[in-house]
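Undergrad: First the structure, which I've put down as C-alpha cells, then a few questions once you've had a look.
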Amino acid sequence: MSSSKAQTNFDKLRAEFKQSLKTTFSKGNVELLDTQISFYKRTEADIKTPLDEAFRDLLLDLLAEEVGVECLKSFVQFSIQSCRKHLITPTMPVVLLGDIFDTLTLDACQNMFSFVEDNVQIWKEELFFTGCKNHLLRLCNDLLRRLSRTIATVFCGKILLFLAKFFPFSERSGLNIVSEFNLENVTEYGSDTADDVVTEIISGDQKHVIDFSFYCKFWQLQDFFRNPNQCYDKVQWKMFCSHSINILNTFQGIKLDYISASEQSTNVGYFAKYLTSQKLLDLQLNDVSFRRSVLLQFLIVFQYLTSSVKFKSDNYELKADQKEWIQNSSEKVYNLLRETPPDGENFAIIIRNILKREELWNTWKNDGCPEIKKFLPQNEPMEMPAGKKSGVFVGDLVREAHREGKNYLGNPDLTKLWNICPSNLEACKDRDFLPSMDDYFADAISQVESGAAVKDEDNLLKDSNFGWRALRLLARRSPYFFSINTQNHPLPKYLEIMMHKIAHEKPGRSEENSQEAQTEQETEDNIFTEEQNPEDFKQNEYFTEESNQRKERPKDINMERLQTLIEKIAPDWEKLGTKLGYQADEIEWFKNENPKRFEQAKHMMNLWFEDDEDANLDNLLYILEGLDMTEAADAVRNELLATASEN
C-alpha cells in the first residue's frame with residue numbers, strides 16, 4: 001500500500017472512530033465503543049493509533065465548546081476505561097490531561113488537578129505506571145513553572161505531595177543525590193549608606209540600636225544559610241560567628257509580647273519572601289513568624305555543619321572548639337524559641353523532633369537511597385490455648401500456621417524468631433561474616449614484629465587452624481596472595497612474609513627504611529628453591545599483563561564494556577574523582593602517572609573499585625547522574641541491564 005493510500009485510510013478511520021467515540025461518550029458506555037470498533041479489530045492491523053487521535057480530536061472539540069471541568073474529568077475517566085479494554089495506548093489519559101492543563105486557567109487547573117490526586121492509585125497500576133510516569137512528571141513540572149510560589153503556595157504544595165505519593169522514595173528524579181545547594185537563591189539588600197536609618201528599640205531596661213551596620217550583618221547571614229559550606233573557611237567562619245552572636249543577642253534582648261489568636265493574621269495561604277528594606281527591619285524583629293523563621297534557619301545550618309554527609313569534601317570538617325560553639329548556640333536558639341509566644345515550649349519540641357527525623361533521611365541518603373519496602377506488622381506467634389491443650393493437636397496448629405504463611409515450632413520464642421522473615425534466603429542476604437584483615441592478623445603481626453621468641457603452641461603462624469583461615473581470607477582480600485609462590489615451602493614461612501607486607505600497607509607506616517625493605521625482599525627471594533626456575537615463576541606471577549587486567553577489572557563489569565565506560569568518563573574524570581573523595585594532590589598524581597586522559601580515568605576507576613567498599617555500579621550511577629554526566633550514566637545503566645540479562 002502506498003503512503004498516500006495509507007494516509008487516506010488512517011484519516012478515514014480517525015473520522016469514523018471520532019464519531020463512534022462521540023456517541024458512546026455521550027452515553028457513558030465504553031462497552032458500546034468496544035462493540036462498534038470490534039469489526040475494525042479483525043480487519044485493521046492497528047486501530048489504537050487512529051483511536052488515540054480520535055480521543056484528542058474530540059477533546060479539542062470539548063475545549064472549544066468550553067465545557068465544564070466535570071465533563072473533562074468524565075472524558076479522562078472514559079479514556080481510562082478504554083485503556084482497560086486495550087482499545088487505546090495506556091499513556092493516552094495522561095496525554096489528554098496535558099492537553100487540558102495547557103488550555104485551562106490556573107483556577108480551573110486547580111479544580112482539574114483534584115482528579116489527578118484522587119486517582120493516584122490508578123496511575124500507580126502496572127498498566128499505567130511505566131508509560132505514564134514521565135508524562136505525569138512533565139505535566140506537574142509544567143504546572144509548577146506557571147504557578148507563583150508565593151501566591152499559589154497551596155496548589156504548589158498539592159502538586160509536590162502528589163509526586164511524593166506517586167513516585168517511590170528511591171525515584172532519582174525527586175532526589176538531590178549529591179546534596180547540592182540552590183546557590184541561585186540570592187537575597188539582595190541595600191548597600192547604600194546614604195539611606196542609613198537609625199532606629200532604637202527599647203525592651204525593658206535595655207536599648208538596642210538598629211543601624212546600617214546591624215542591618216548588613218543581619219542580611220549577610222542569608223548568604224551563609226544559602227551556602228553553609230562557606231563556614232568551613234576560617235575567615236568566613238569568624239564572620240559567621242560574629243554576625244550570629246550579634247543577631248542572637250539582639251533577639252535575646254528584645255522580648256516579644258503575646259499576640260492573641262484574634263489579632264493574628266488569618267491569611268495562611270500566602271508565603272512571601274521577606275522584604276529586605278532597612279526601614280522594615282525594626283518591625284520584622286518584633287514579628288513572631290519572622291523571628292521563628294530566622295531561628296529555624298540557624299538550627300538547619302547547625303545540623304548540616306555537624307552531620308556526616310556522604311558527598312561532603314574530606315576537608316569539610318569542624319574542629320572541636322567549632323563544634324562546641326555550635327552546640328552552645330543551638331541551645332541558645334532553642335531557648336529563644338521557647339521564649340517566643342505563643343506556645344513556644346511546644347513549638348521548640350516540634351522543631352527538635354523534626355530535625356531529629358531529618359537525621360534519618362540523611363542516613364538514608366548516605367546509604368545510596370535504597371528502596372524502602374513496606375512490611376506488614378507480624379501477628380503474635382501462635383500458642384496452644386491453655387485450656388485446650390489436651391484437645392488440640394500440634395498438626396492442626398502447624399496446618400493453620402501454614403495457611404497463614406507462617407511457621408509454628410511449638411515454642412513461643414522460636415516461633416517468633418522464625419516468623420520475622422519467612423524466607424531463609426532473604427534472611428541471610430547481605431550478611432558478611434568475613435572479618436577485616438587488620439582485625440584478623442593484628443595478633444600475628446604483633447608476634448612477627450616483636451622479634452621475641454614465641455613458643456610453638458603460642459605461635460599463631462604455626463597453628464593449622466589459624467593458617468587455614470588465613471589463606472581463605474588472603475585469597476578473598478589480599479592483592480599479594482597470588483604474587484608469591486608457596487610450592488614446596490612451609491605455610492608458617494609464607495604467612496610470616498605476608499604479615500610483613502600487610503603491616504607495611506597500614507596507614508601511617510613508612511617504607512623509607514631501606515634496610516627493612518631490603519630484608520623483606522631477601523626473605524621473599526628465599527622462597528625460590530634450587531629446583532625452581534625464576535622464569536617459570538614469572539610466567540605464573542599475578543602481576544603479568546593478563547592477570548593484571550583481571551585484577552583491575554571491577555566486580556560486575558567485563559573488560560570490553562569497561563573500556564567503553566571509561567571513554568565516557570575520561571573527558572570529566574577530575575570532576576568525578578572529586579565526588580569519589582580523591583584530593584587535589586591525588587588527582588594530580590593520576591595525571592603525572594599517565595600521560596593520556598583515558599589512562600588517567602582508568603587508573604582512578606580501578607583504584608576506586610578496589611579500595612572503596614561502596615564501589616559498585618549502582619552508586620556510580622547515582623554519582624554520575626548527580627554530576628549531569630549523561631553519557632557516562634547511560635553507559636553504566638546499559639551495563640547494569642546487560643549484567644542483569646546475563647545473570
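Quick note on naming: the chains in the C-alpha cells go A, B, ... in the order shown, residues restart at 1 in each chain, and ligands are numbered from 1 in order of appearance.
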Kindly assemble as JSON lines a list of the region 61-80 of chain A residues that lie within 12 Å of region 115-121 of chain A, each paired with its nearest atom pair and their distance in Å to one decimal, using only C-alpha atoms, sorted first by chain and then by ascending residue number.

TA:
```
{"residue": "A:Val69", "atom": "CA", "partner": "A:Phe115", "partner_atom": "CA", "distance": 9.8}
{"residue": "A:Glu70", "atom": "CA", "partner": "A:Phe115", "partner_atom": "CA", "distance": 9.4}
{"residue": "A:Cys71", "atom": "CA", "partner": "A:Phe115", "partner_atom": "CA", "distance": 11.7}
{"residue": "A:Leu72", "atom": "CA", "partner": "A:Phe115", "partner_atom": "CA", "distance": 9.9}
{"residue": "A:Lys73", "atom": "CA", "partner": "A:Phe115", "partner_atom": "CA", "distance": 6.8}
{"residue": "A:Ser74", "atom": "CA", "partner": "A:Phe115", "partner_atom": "CA", "distance": 9.8}
{"residue": "A:Phe75", "atom": "CA", "partner": "A:Phe115", "partner_atom": "CA", "distance": 11.6}
{"residue": "A:Val76", "atom": "CA", "partner": "A:Phe115", "partner_atom": "CA", "distance": 9.3}
{"residue": "A:Gln77", "atom": "CA", "partner": "A:Phe115", "partner_atom": "CA", "distance": 9.3}
{"residue": "A:Ile80", "atom": "CA", "partner": "A:Asn119", "partner_atom": "CA", "distance": 10.5}
```

Undergrad: For N, CA and C atoms, I'd like the residues from the last selection saved as a compact mmCIF listing (two decimals), in the first residue's frame.

TA:
```txt
# COMPACT_ATOMS: atom_id res chain seq x y z
N VAL A 69 -15.41 21.64 33.94
CA VAL A 69 -14.33 20.75 34.37
C VAL A 69 -14.85 19.35 34.65
N GLU A 70 -16.08 19.23 35.14
CA GLU A 70 -16.64 17.91 35.45
C GLU A 70 -16.78 17.07 34.18
N CYS A 71 -17.14 17.72 33.08
CA CYS A 71 -17.23 17.00 31.80
C CYS A 71 -15.86 16.51 31.35
N LEU A 72 -14.84 17.33 31.55
CA LEU A 72 -13.48 16.93 31.19
C LEU A 72 -13.00 15.78 32.05
N LYS A 73 -13.35 15.80 33.34
CA LYS A 73 -12.99 14.68 34.21
C LYS A 73 -13.65 13.39 33.72
N SER A 74 -14.91 13.49 33.32
CA SER A 74 -15.62 12.30 32.83
C SER A 74 -14.96 11.77 31.56
N PHE A 75 -14.49 12.67 30.70
CA PHE A 75 -13.86 12.23 29.46
C PHE A 75 -12.55 11.50 29.74
N VAL A 76 -11.75 12.02 30.66
CA VAL A 76 -10.49 11.34 31.02
C VAL A 76 -10.80 9.99 31.66
N GLN A 77 -11.84 9.94 32.51
CA GLN A 77 -12.23 8.67 33.12
C GLN A 77 -12.67 7.67 32.04
N ILE A 80 -9.64 6.16 30.57
CA ILE A 80 -9.06 5.14 31.45
C ILE A 80 -9.77 3.81 31.26
```

Undergrad: Could you give me, as a list of chain:residue names, the residues within 12 Å of Asn134 (chain A), counting only C-alpha atoms and dropping anything in the same chain fewer than 2 positions from it?

TA: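 So, after excluding close chain neighbours, the residues are A:Thr91, A:Val94, A:Val95, A:Gly98, A:Trp123, A:Phe128, A:Phe129, A:Thr130, A:Gly131, A:Cys132, A:Leu136, A:Leu137, A:Arg138, A:Leu139, A:Cys140, A:Asn141, A:Leu163, A:Phe166, A:Phe167, A:Glu171, A:Ser173.
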
Undergrad: Can you pull out every residue within 9 Å of Leu295 (chain A), counting only C-alpha atoms, but drop anything in the same chain fewer than 5 positions away, and send it as an mmCIF file with C-alpha atoms, in the first residue's frame?

TA:
```cif
data_model
loop_
_atom_site.group_PDB
_atom_site.id
_atom_site.type_symbol
_atom_site.label_atom_id
_atom_site.label_comp_id
_atom_site.auth_asym_id
_atom_site.auth_seq_id
_atom_site.Cartn_x
_atom_site.Cartn_y
_atom_site.Cartn_z
ATOM 1 C CA LEU A 248 21.064 36.132 68.690
ATOM 2 C CA PHE A 290 9.879 36.329 61.132
ATOM 3 C CA ILE A 300 19.155 23.767 59.999
ATOM 4 C CA VAL A 333 18.374 29.175 69.784
ATOM 5 C CA TYR A 334 16.095 26.596 71.415
ATOM 6 C CA LEU A 336 14.784 31.739 72.231
ATOM 7 C CA LEU A 337 12.167 29.541 70.547
#
```

Undergrad: Could you check the closest approach to Ser244 (chain A) for each of A:Ala54, A:Leu144, A:Val294, A:Leu97 and tell me which residue wins, using only C-alpha atoms?

TA: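 Of all the options, A:Val294 lies closest to Ser244 (chain A).
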
Undergrad: Mind listing the alpha helix (DSSP H) residues of region 153-233 of chain A, per DSSP on the backbone, as a compact mmCIF listing (two decimals) with C-alpha atoms, in the first residue's frame?

TA:
```txt
# COMPACT_ATOMS: atom_id res chain seq x y z
CA THR A 153 1.52 28.10 47.62
CA VAL A 154 -1.28 25.64 48.40
CA PHE A 155 -1.57 24.47 44.80
CA CYS A 156 2.21 24.06 44.53
CA GLY A 157 2.15 22.01 47.72
CA LYS A 158 -0.59 19.75 46.33
CA ILE A 159 1.47 19.06 43.22
CA LEU A 160 4.57 18.19 45.24
CA LEU A 161 2.58 15.96 47.59
CA PHE A 162 1.07 14.15 44.61
CA LEU A 163 4.54 13.48 43.18
CA ALA A 164 5.67 12.19 46.60
CA LYS A 165 2.71 9.77 46.68
CA PHE A 166 3.07 8.72 43.06
CA PHE A 212 23.02 50.21 58.92
CA SER A 213 25.83 48.05 60.32
CA PHE A 214 23.38 45.75 62.14
CA TYR A 215 21.17 45.69 59.03
CA CYS A 216 24.06 44.48 56.84
CA LYS A 217 25.15 41.84 59.35
CA PHE A 218 21.60 40.51 59.61
CA TRP A 219 21.03 40.02 55.89
CA GLN A 220 24.60 38.80 55.23
CA LEU A 221 23.70 35.71 57.25
CA GLN A 222 21.31 34.69 54.46
CA ASP A 223 24.33 34.02 52.25
CA PHE A 224 25.64 31.52 54.83
CA PHE A 225 22.19 29.93 55.06
CA ARG A 226 22.17 29.65 51.27
```

Undergrad: Which neighbours of Trp237 (chain A) fall inside 10 Å, counting only C-alpha atoms, when residues of the same chain fewer than 6 positions from it are skipped, and could you give them as a PyMOL selection string?

TA: chain A and resi 224+228-231+243+322

Undergrad: Quick one: distance from CA of Glu358 (chain A) to CA of Phe298 (chain A) in Å, one decimal?

TA: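 Between these atoms lies a distance of 15.0 Å.
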